[in-house]
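See below for protein_36.tsv, which holds TSV, C-alpha atoms.
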```
chain	number	residue	atom	x	y	z
A	1	MET	CA	0.00	0.00	0.00
A	2	LYS	CA	2.86	2.34	0.83
A	3	SER	CA	4.41	1.86	-2.60
A	4	SER	CA	1.03	2.56	-4.24
A	5	LEU	CA	0.77	5.86	-2.37
A	6	ILE	CA	4.27	6.89	-3.41
A	7	ILE	CA	3.43	6.07	-7.03
A	8	PHE	CA	0.19	8.05	-6.78
A	9	ALA	CA	2.02	11.02	-5.22
A	10	PHE	CA	4.36	11.11	-8.22
A	11	PHE	CA	1.39	11.02	-10.60
A	12	VAL	CA	-0.36	13.86	-8.76
A	13	ALA	CA	2.88	15.87	-8.69
A	14	GLY	CA	3.09	15.41	-12.47
A	15	VAL	CA	-0.50	16.63	-12.98
A	16	MET	CA	0.21	19.67	-10.76
A	17	ALA	CA	3.42	20.43	-12.62
A	18	GLY	CA	1.54	20.17	-15.92
A	19	LEU	CA	-1.29	22.42	-14.68
A	20	SER	CA	1.00	25.01	-13.14
A	21	GLY	CA	2.49	25.84	-16.53
A	22	MET	CA	6.02	25.43	-15.20
A	23	ILE	CA	6.72	22.83	-17.85
A	24	PRO	CA	8.47	24.57	-20.79
A	25	GLN	CA	6.41	24.70	-24.00
A	26	GLY	CA	8.97	22.84	-26.06
A	27	PHE	CA	9.30	19.97	-23.58
A	28	ASP	CA	8.57	16.80	-25.52
A	29	PHE	CA	7.30	14.58	-22.70
A	30	GLU	CA	6.19	11.93	-25.16
A	31	LYS	CA	9.74	11.43	-26.36
A	32	PHE	CA	11.13	11.67	-22.84
A	33	GLY	CA	8.42	9.30	-21.59
A	34	ASN	CA	9.41	6.83	-24.29
A	35	TYR	CA	13.01	6.83	-23.08
A	36	ALA	CA	11.82	6.39	-19.51
A	37	LEU	CA	9.73	3.43	-20.69
A	38	TYR	CA	12.74	1.87	-22.41
A	39	LEU	CA	14.74	2.22	-19.21
A	40	LEU	CA	11.90	0.64	-17.26
A	41	MET	CA	11.65	-2.27	-19.72
A	42	PHE	CA	15.37	-2.86	-19.64
A	43	LEU	CA	15.45	-2.96	-15.83
A	44	ALA	CA	12.32	-5.15	-15.73
A	45	GLY	CA	14.03	-7.48	-18.21
A	46	ILE	CA	17.10	-7.81	-15.99
A	47	SER	CA	14.85	-8.49	-13.02
A	48	ILE	CA	12.98	-11.25	-14.90
A	49	GLY	CA	16.06	-12.80	-16.52
A	50	SER	CA	18.12	-12.97	-13.35
A	51	ASP	CA	15.41	-14.90	-11.50
A	52	LYS	CA	15.33	-18.65	-12.12
A	53	ASN	CA	11.67	-18.92	-11.10
A	54	SER	CA	10.61	-16.81	-14.10
A	55	TRP	CA	11.22	-19.66	-16.47
A	56	LYS	CA	9.50	-22.33	-14.42
A	57	VAL	CA	6.13	-20.90	-15.40
A	58	LEU	CA	6.37	-21.96	-19.03
A	59	ALA	CA	7.04	-25.53	-18.01
A	60	THR	CA	4.32	-25.68	-15.34
A	61	HIS	CA	1.57	-23.66	-17.02
A	62	ASN	CA	2.23	-24.22	-20.77
A	63	TYR	CA	-1.00	-24.12	-22.85
A	64	LYS	CA	-3.06	-22.73	-20.00
A	65	ILE	CA	-1.64	-19.26	-20.37
A	66	ILE	CA	-3.61	-18.62	-23.57
A	67	TRP	CA	-6.73	-18.51	-21.34
A	68	VAL	CA	-5.36	-15.48	-19.52
A	69	PRO	CA	-5.74	-12.93	-22.37
A	70	VAL	CA	-8.98	-14.67	-23.47
A	71	SER	CA	-10.54	-14.18	-20.04
A	72	ILE	CA	-9.34	-10.55	-19.96
A	73	VAL	CA	-10.96	-9.79	-23.33
A	74	LEU	CA	-14.26	-11.40	-22.29
A	75	GLY	CA	-14.27	-9.79	-18.83
A	76	THR	CA	-13.41	-6.35	-20.19
A	77	LEU	CA	-16.08	-6.43	-22.90
A	78	ALA	CA	-18.72	-7.74	-20.49
A	79	GLY	CA	-17.93	-4.95	-18.02
A	80	SER	CA	-17.93	-2.27	-20.75
A	81	ALA	CA	-21.25	-3.52	-22.13
A	82	LEU	CA	-22.76	-3.16	-18.66
A	83	VAL	CA	-21.69	0.50	-18.53
A	84	ALA	CA	-23.53	1.20	-21.81
A	85	LEU	CA	-26.68	-0.26	-20.24
A	86	ILE	CA	-26.37	1.96	-17.16
A	87	LEU	CA	-25.14	5.25	-18.67
A	88	PRO	CA	-27.60	6.69	-21.23
A	89	THR	CA	-24.90	8.96	-22.73
A	90	LEU	CA	-22.92	6.05	-24.17
A	91	THR	CA	-23.93	3.60	-26.87
A	92	LEU	CA	-22.91	-0.05	-26.65
A	93	ARG	CA	-20.52	0.42	-29.56
A	94	GLU	CA	-18.82	3.45	-27.95
A	95	SER	CA	-18.46	1.80	-24.58
A	96	LEU	CA	-17.04	-1.44	-26.05
A	97	ALA	CA	-14.55	0.51	-28.20
A	98	VAL	CA	-13.19	2.39	-25.17
A	99	GLY	CA	-12.95	-0.83	-23.15
A	100	ALA	CA	-11.13	-2.58	-26.01
A	101	GLY	CA	-8.18	-0.25	-25.45
A	102	PHE	CA	-7.17	-2.59	-22.55
A	103	GLY	CA	-5.17	0.25	-21.01
A	104	TYR	CA	-3.25	0.98	-24.21
A	105	TYR	CA	-4.31	4.63	-24.12
A	106	SER	CA	-2.01	6.14	-26.74
A	107	LEU	CA	-3.01	3.85	-29.56
A	108	SER	CA	-6.67	3.33	-28.68
A	109	SER	CA	-7.36	7.07	-28.26
A	110	VAL	CA	-5.78	7.85	-31.63
A	111	PHE	CA	-7.75	5.08	-33.34
A	112	ILE	CA	-11.02	6.08	-31.73
A	113	THR	CA	-10.49	9.76	-32.56
A	114	GLN	CA	-9.91	8.81	-36.20
A	115	LEU	CA	-12.69	6.27	-36.53
A	116	HIS	CA	-15.37	7.87	-34.34
A	117	SER	CA	-14.96	11.30	-32.71
A	118	GLN	CA	-12.59	13.52	-30.78
A	119	SER	CA	-14.69	13.39	-27.62
A	120	LEU	CA	-14.81	9.59	-27.53
A	121	GLY	CA	-11.07	9.65	-28.18
A	122	ILE	CA	-10.60	11.66	-24.98
A	123	VAL	CA	-12.86	9.26	-23.07
A	124	ALA	CA	-10.62	6.44	-24.34
A	125	LEU	CA	-7.47	8.31	-23.32
A	126	LEU	CA	-8.72	9.03	-19.80
A	127	SER	CA	-10.34	5.65	-19.29
A	128	ASN	CA	-7.27	3.72	-20.35
A	129	ILE	CA	-4.88	5.96	-18.39
A	130	PHE	CA	-7.15	5.34	-15.43
A	131	ARG	CA	-6.96	1.60	-16.02
A	132	GLU	CA	-3.17	1.78	-15.96
A	133	VAL	CA	-2.98	4.01	-12.89
A	134	ALA	CA	-5.63	1.96	-11.05
A	135	THR	CA	-3.63	-1.20	-11.79
A	136	LEU	CA	-0.45	0.37	-10.43
A	137	LEU	CA	-2.29	1.42	-7.29
A	138	ALA	CA	-4.56	-1.57	-6.70
A	139	THR	CA	-2.47	-4.57	-7.77
A	140	PRO	CA	-1.27	-5.36	-4.21
A	141	ILE	CA	-4.89	-5.44	-2.99
A	142	LEU	CA	-6.34	-7.18	-6.07
A	143	VAL	CA	-3.74	-9.96	-5.91
A	144	SER	CA	-4.41	-10.69	-2.26
A	145	TYR	CA	-8.18	-10.99	-2.81
A	146	PHE	CA	-8.48	-12.41	-6.35
A	147	GLY	CA	-5.30	-14.45	-6.85
A	148	ASN	CA	-2.08	-14.04	-8.78
A	149	LEU	CA	-3.72	-13.33	-12.14
A	150	ALA	CA	-5.63	-10.29	-10.88
A	151	GLY	CA	-2.93	-7.69	-11.57
A	152	ILE	CA	-2.38	-9.10	-15.05
A	153	ALA	CA	-6.13	-8.94	-15.73
A	154	SER	CA	-6.44	-5.41	-14.42
A	155	GLY	CA	-3.41	-4.21	-16.36
A	156	GLY	CA	-4.61	-5.60	-19.71
A	157	ALA	CA	-2.23	-4.51	-22.47
A	158	THR	CA	-0.05	-2.58	-20.01
A	159	ALA	CA	0.86	-5.85	-18.25
A	160	MET	CA	3.74	-6.23	-20.73
A	161	ASP	CA	5.40	-2.91	-19.86
A	162	THR	CA	4.29	-0.16	-17.48
A	163	THR	CA	2.45	-2.30	-14.96
A	164	LEU	CA	4.77	-5.31	-15.31
A	165	PRO	CA	7.12	-4.32	-12.44
A	166	VAL	CA	4.22	-3.98	-9.98
A	167	ILE	CA	2.68	-7.26	-11.15
A	168	SER	CA	5.95	-9.16	-10.92
A	169	ARG	CA	6.52	-7.75	-7.45
A	170	PHE	CA	3.15	-8.74	-6.01
A	171	SER	CA	2.23	-11.87	-8.01
A	172	GLY	CA	5.77	-13.24	-8.02
A	173	LYS	CA	8.31	-13.24	-10.78
A	174	SER	CA	7.05	-16.54	-12.18
A	175	TYR	CA	3.93	-14.62	-13.22
A	176	ALA	CA	5.98	-12.00	-15.07
A	177	ILE	CA	6.23	-14.24	-18.13
A	178	ILE	CA	2.44	-14.78	-18.16
A	179	SER	CA	2.07	-11.02	-17.73
A	180	VAL	CA	4.28	-10.20	-20.73
A	181	PHE	CA	2.58	-12.87	-22.84
A	182	SER	CA	-0.92	-11.65	-22.01
A	183	GLY	CA	0.10	-8.00	-22.50
A	184	ILE	CA	1.57	-8.70	-25.93
A	185	VAL	CA	-1.52	-10.59	-27.10
A	186	LEU	CA	-3.81	-7.78	-25.91
A	187	THR	CA	-1.56	-5.05	-27.36
A	188	ILE	CA	-1.67	-6.72	-30.77
A	189	LEU	CA	-5.46	-7.12	-30.44
A	190	VAL	CA	-6.19	-3.45	-29.64
A	191	PRO	CA	-6.07	-1.96	-33.18
A	192	PHE	CA	-7.99	-4.90	-34.68
A	193	LEU	CA	-10.67	-5.05	-32.01
A	194	VAL	CA	-11.24	-1.27	-31.83
A	195	THR	CA	-11.56	-1.06	-35.62
A	196	PHE	CA	-13.89	-4.07	-35.69
A	197	ILE	CA	-16.16	-2.67	-32.97
A	198	LEU	CA	-16.45	0.80	-34.53
A	199	THR	CA	-16.89	-0.21	-38.15
A	200	VAL	CA	-18.96	-3.40	-38.10
B	201	MET	CA	6.32	-1.72	-29.79
B	202	THR	CA	9.10	-3.65	-31.56
B	203	ALA	CA	11.69	-1.42	-29.90
B	204	ILE	CA	10.15	-2.06	-26.48
B	205	LEU	CA	10.30	-5.83	-26.97
B	206	ILE	CA	13.93	-5.62	-28.12
B	207	VAL	CA	14.87	-3.61	-25.02
B	208	LEU	CA	13.01	-6.08	-22.80
B	209	SER	CA	14.75	-9.06	-24.45
B	210	ALA	CA	18.15	-7.37	-24.04
B	211	GLY	CA	17.40	-6.89	-20.34
B	212	ILE	CA	16.35	-10.53	-19.93
B	213	LEU	CA	19.54	-11.74	-21.66
B	214	ILE	CA	21.70	-9.57	-19.40
B	215	GLY	CA	19.64	-10.73	-16.43
B	216	LEU	CA	20.40	-14.37	-17.33
B	217	LEU	CA	24.10	-13.57	-16.90
B	218	LEU	CA	23.39	-12.17	-13.44
B	219	VAL	CA	21.53	-15.16	-11.92
B	220	GLY	CA	22.44	-15.67	-8.26
B	221	ARG	CA	23.83	-12.18	-7.55
B	222	PRO	CA	21.55	-10.84	-4.77
B	223	LYS	CA	23.34	-7.49	-4.42
B	224	ILE	CA	22.78	-6.67	-8.09
B	225	HIS	CA	19.12	-7.73	-7.72
B	226	GLN	CA	18.70	-5.24	-4.90
B	227	ILE	CA	20.25	-2.38	-6.87
B	228	ASN	CA	18.20	-3.29	-9.94
B	229	ASN	CA	14.96	-3.32	-7.93
B	230	ASN	CA	15.69	0.14	-6.53
B	231	LEU	CA	16.36	1.50	-10.03
B	232	LEU	CA	13.14	-0.19	-11.18
B	233	ASN	CA	11.15	1.66	-8.52
B	234	CYS	CA	12.72	4.99	-9.48
B	235	SER	CA	11.85	4.50	-13.13
B	236	ILE	CA	8.23	3.69	-12.22
B	237	TYR	CA	8.05	6.98	-10.28
B	238	LEU	CA	9.54	8.87	-13.22
B	239	LEU	CA	7.07	7.34	-15.66
B	240	LEU	CA	4.07	8.17	-13.48
B	241	PHE	CA	5.32	11.73	-13.03
B	242	LEU	CA	5.58	12.09	-16.82
B	243	LEU	CA	2.12	10.57	-17.26
B	244	GLY	CA	0.81	13.18	-14.80
B	245	ILE	CA	2.45	15.97	-16.80
B	246	SER	CA	0.86	14.71	-20.01
B	247	VAL	CA	-2.58	14.82	-18.35
B	248	GLY	CA	-1.91	18.21	-16.73
B	249	THR	CA	-0.69	19.92	-19.91
B	250	ASN	CA	-3.46	18.60	-22.15
B	251	LYS	CA	-6.00	21.49	-22.08
B	252	GLU	CA	-8.65	19.51	-23.88
B	253	VAL	CA	-8.49	16.77	-21.27
B	254	ILE	CA	-8.51	19.19	-18.34
B	255	HIS	CA	-11.45	21.26	-19.65
B	256	ASN	CA	-13.64	18.25	-20.37
B	257	LEU	CA	-12.61	16.40	-17.25
B	258	GLY	CA	-15.92	16.71	-15.41
B	259	LYS	CA	-18.10	15.99	-18.42
B	260	ILE	CA	-16.10	13.12	-19.79
B	261	GLY	CA	-14.40	11.88	-16.66
B	262	TYR	CA	-17.25	9.87	-15.20
B	263	GLU	CA	-17.77	7.91	-18.43
B	264	ALA	CA	-14.05	7.16	-18.58
B	265	ILE	CA	-13.90	6.05	-14.95
B	266	ALA	CA	-17.08	3.97	-15.27
B	267	ILE	CA	-15.70	2.05	-18.27
B	268	ALA	CA	-12.30	1.58	-16.63
B	269	VAL	CA	-13.76	0.33	-13.35
B	270	ALA	CA	-16.20	-2.00	-15.12
B	271	SER	CA	-13.44	-3.33	-17.42
B	272	ILE	CA	-11.12	-3.99	-14.49
B	273	THR	CA	-13.90	-5.61	-12.45
B	274	GLY	CA	-15.02	-7.87	-15.30
B	275	SER	CA	-11.54	-9.06	-16.19
B	276	VAL	CA	-10.38	-9.46	-12.57
B	277	LEU	CA	-13.44	-11.57	-11.71
B	278	LEU	CA	-12.97	-13.84	-14.74
B	279	SER	CA	-9.25	-14.12	-14.02
B	280	ALA	CA	-10.01	-15.10	-10.42
B	281	LEU	CA	-12.17	-17.93	-11.75
B	282	LEU	CA	-9.42	-18.95	-14.18
B	283	PHE	CA	-6.85	-18.83	-11.38
B	284	LYS	CA	-8.97	-21.14	-9.22
B	285	LEU	CA	-9.65	-23.58	-12.06
B	286	LEU	CA	-6.27	-23.86	-13.75
B	287	PHE	CA	-3.44	-22.13	-11.91
B	288	LYS	CA	-3.86	-22.58	-8.18
B	289	GLN	CA	-2.87	-26.25	-8.07
B	290	ASN	CA	0.59	-25.39	-9.40
B	291	GLU	CA	1.36	-23.12	-6.48
B	292	GLU	CA	3.40	-24.71	-3.74
```

Full structure transcribed into structure tokens:
Amino acid sequence: MKSSLIIFAFFVAGVMAGLSGMIPQGFDFEKFGNYALYLLMFLAGISIGSDKNSWKVLATHNYKIIWVPVSIVLGTLAGSALVALILPTLTLRESLAVGAGFGYYSLSSVFITQLHSQSLGIVALLSNIFREVATLLATPILVSYFGNLAGIASGGATAMDTTLPVISRFSGKSYAIISVFSGIVLTILVPFLVTFILTV
Amino acid sequence: MTAILIVLSAGILIGLLLVGRPKIHQINNNLLNCSIYLLLFLLGISVGTNKEVIHNLGKIGYEAIAIAVASITGSVLLSALLFKLLFKQNEE
């Protein structure tokens, strides 16, 4: 819980810094953020590779791991569909498209802006950022109540990169491989599924 | 995305050379935490500097949060079922 609060404090500090206007106009945070992500991935890779337990998972779980991304897709779409039933401002198609971002906010918001509208693109951006942040904050709690797959499920596509360190810390490093696998499958699915939902 | 996977693979390969070196693990984990903080700070800046997001926050925010919460709840519940059915027996 303490680590979640520290993470949240850094996020809030970033929002404040952005709002305060003290960030120089020319500051390309997207580029800088990409480098930070590469650093994170590299360090996460070292952490996975240097732990013998990481590799045991492929031998013990084998074919079963395909069910992880499948259950995340079904669970996400079922949850999103429910929101469309409750909120009158969203159609089923809109709600499903936002959900199908699986936390991959950059790509899904661009796709949805192009294929549907700017405002739904912003909903997708916020919703999927929220999914990522919520996963970073709640993974310790989710794992203790819902088992070792919970962080991976909550993280969706982000389970392969940004939320991977938190997941591997609280579910155990043997789940890091499942996490990367599931995240990759979902990341690849995002453009296809979003396009399918909005155009069919 | 390709670049990210290459960086991750490079890290894993280097990590394989460092198996059984607890001191390096400790240092690496500390660096890992710092880079998570940095990334979240940058994510915050990107939200804070995006005027369109900030201005529509109230109007759009509740839809975004509702979909995120429902998506997380749906997938976590299904994954809990999956964990019970297929994964739990492998835990020692």

Interface list for chain A, partner chain B, 7 Å threshold, all atoms listed in the file, as an MDAnalysis selection string: chainID A and resid 7 10:19 29 33 36:38 40:51 68 71:72 75:80 83 95 99 122:124 126:128 130:131 146:147 149:150 153:154

Atomic separation - CA of Phe196 in chain A relative to CA of Phe102 in chain A, Å: 14.8 Å

Residue nearest Phe8 in chain A - candidates A:Val200, A:Ala84, A:Ala157, A:Leu136, atoms counted: all atoms listed in the file: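 Of A:Val200, A:Ala84, A:Ala157, A:Leu136, the one nearest Phe8 in chain A is A:Leu136, counting all atoms listed in the file.
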
Shell around Thr187 in chain A at 9 Å using all atoms listed in the file, local window under 3 positions removed, as a ChimeraX atom specification: /A:101-102,104,156-158,160,182-184,190-191 /B:201

One-decimal distance in Å that lies between CA of Ile178 in chain A and CA of Val98 in chain A: 24.3 Å

Neighbour list for range 171-173 of chain A as an MDAnalysis selection string, cut-off 9 Å, only C-alpha atoms, skip fewer than 3 positions in-chain: chainID A and resid 47:48 51:54 139:140 143:144 147:152 166:168 176:177

Pairwise distance for CA of Gly155 in chain A and CA of Tyr105 in chain A, rounded to one decimal in Å: 11.8 Å

Which centre and which edge lengths, in Å to one decimal, describe the axis-aligned box that holds all listed atoms of range 71-90 of chain A after 6 Å is added on each side, as lines of an AutoDock Vina configuration file?
```
center_x = -18.5
center_y = -2.6
center_z = -20.7
size_x = 30.3
size_y = 35.1
size_z = 19.0
```
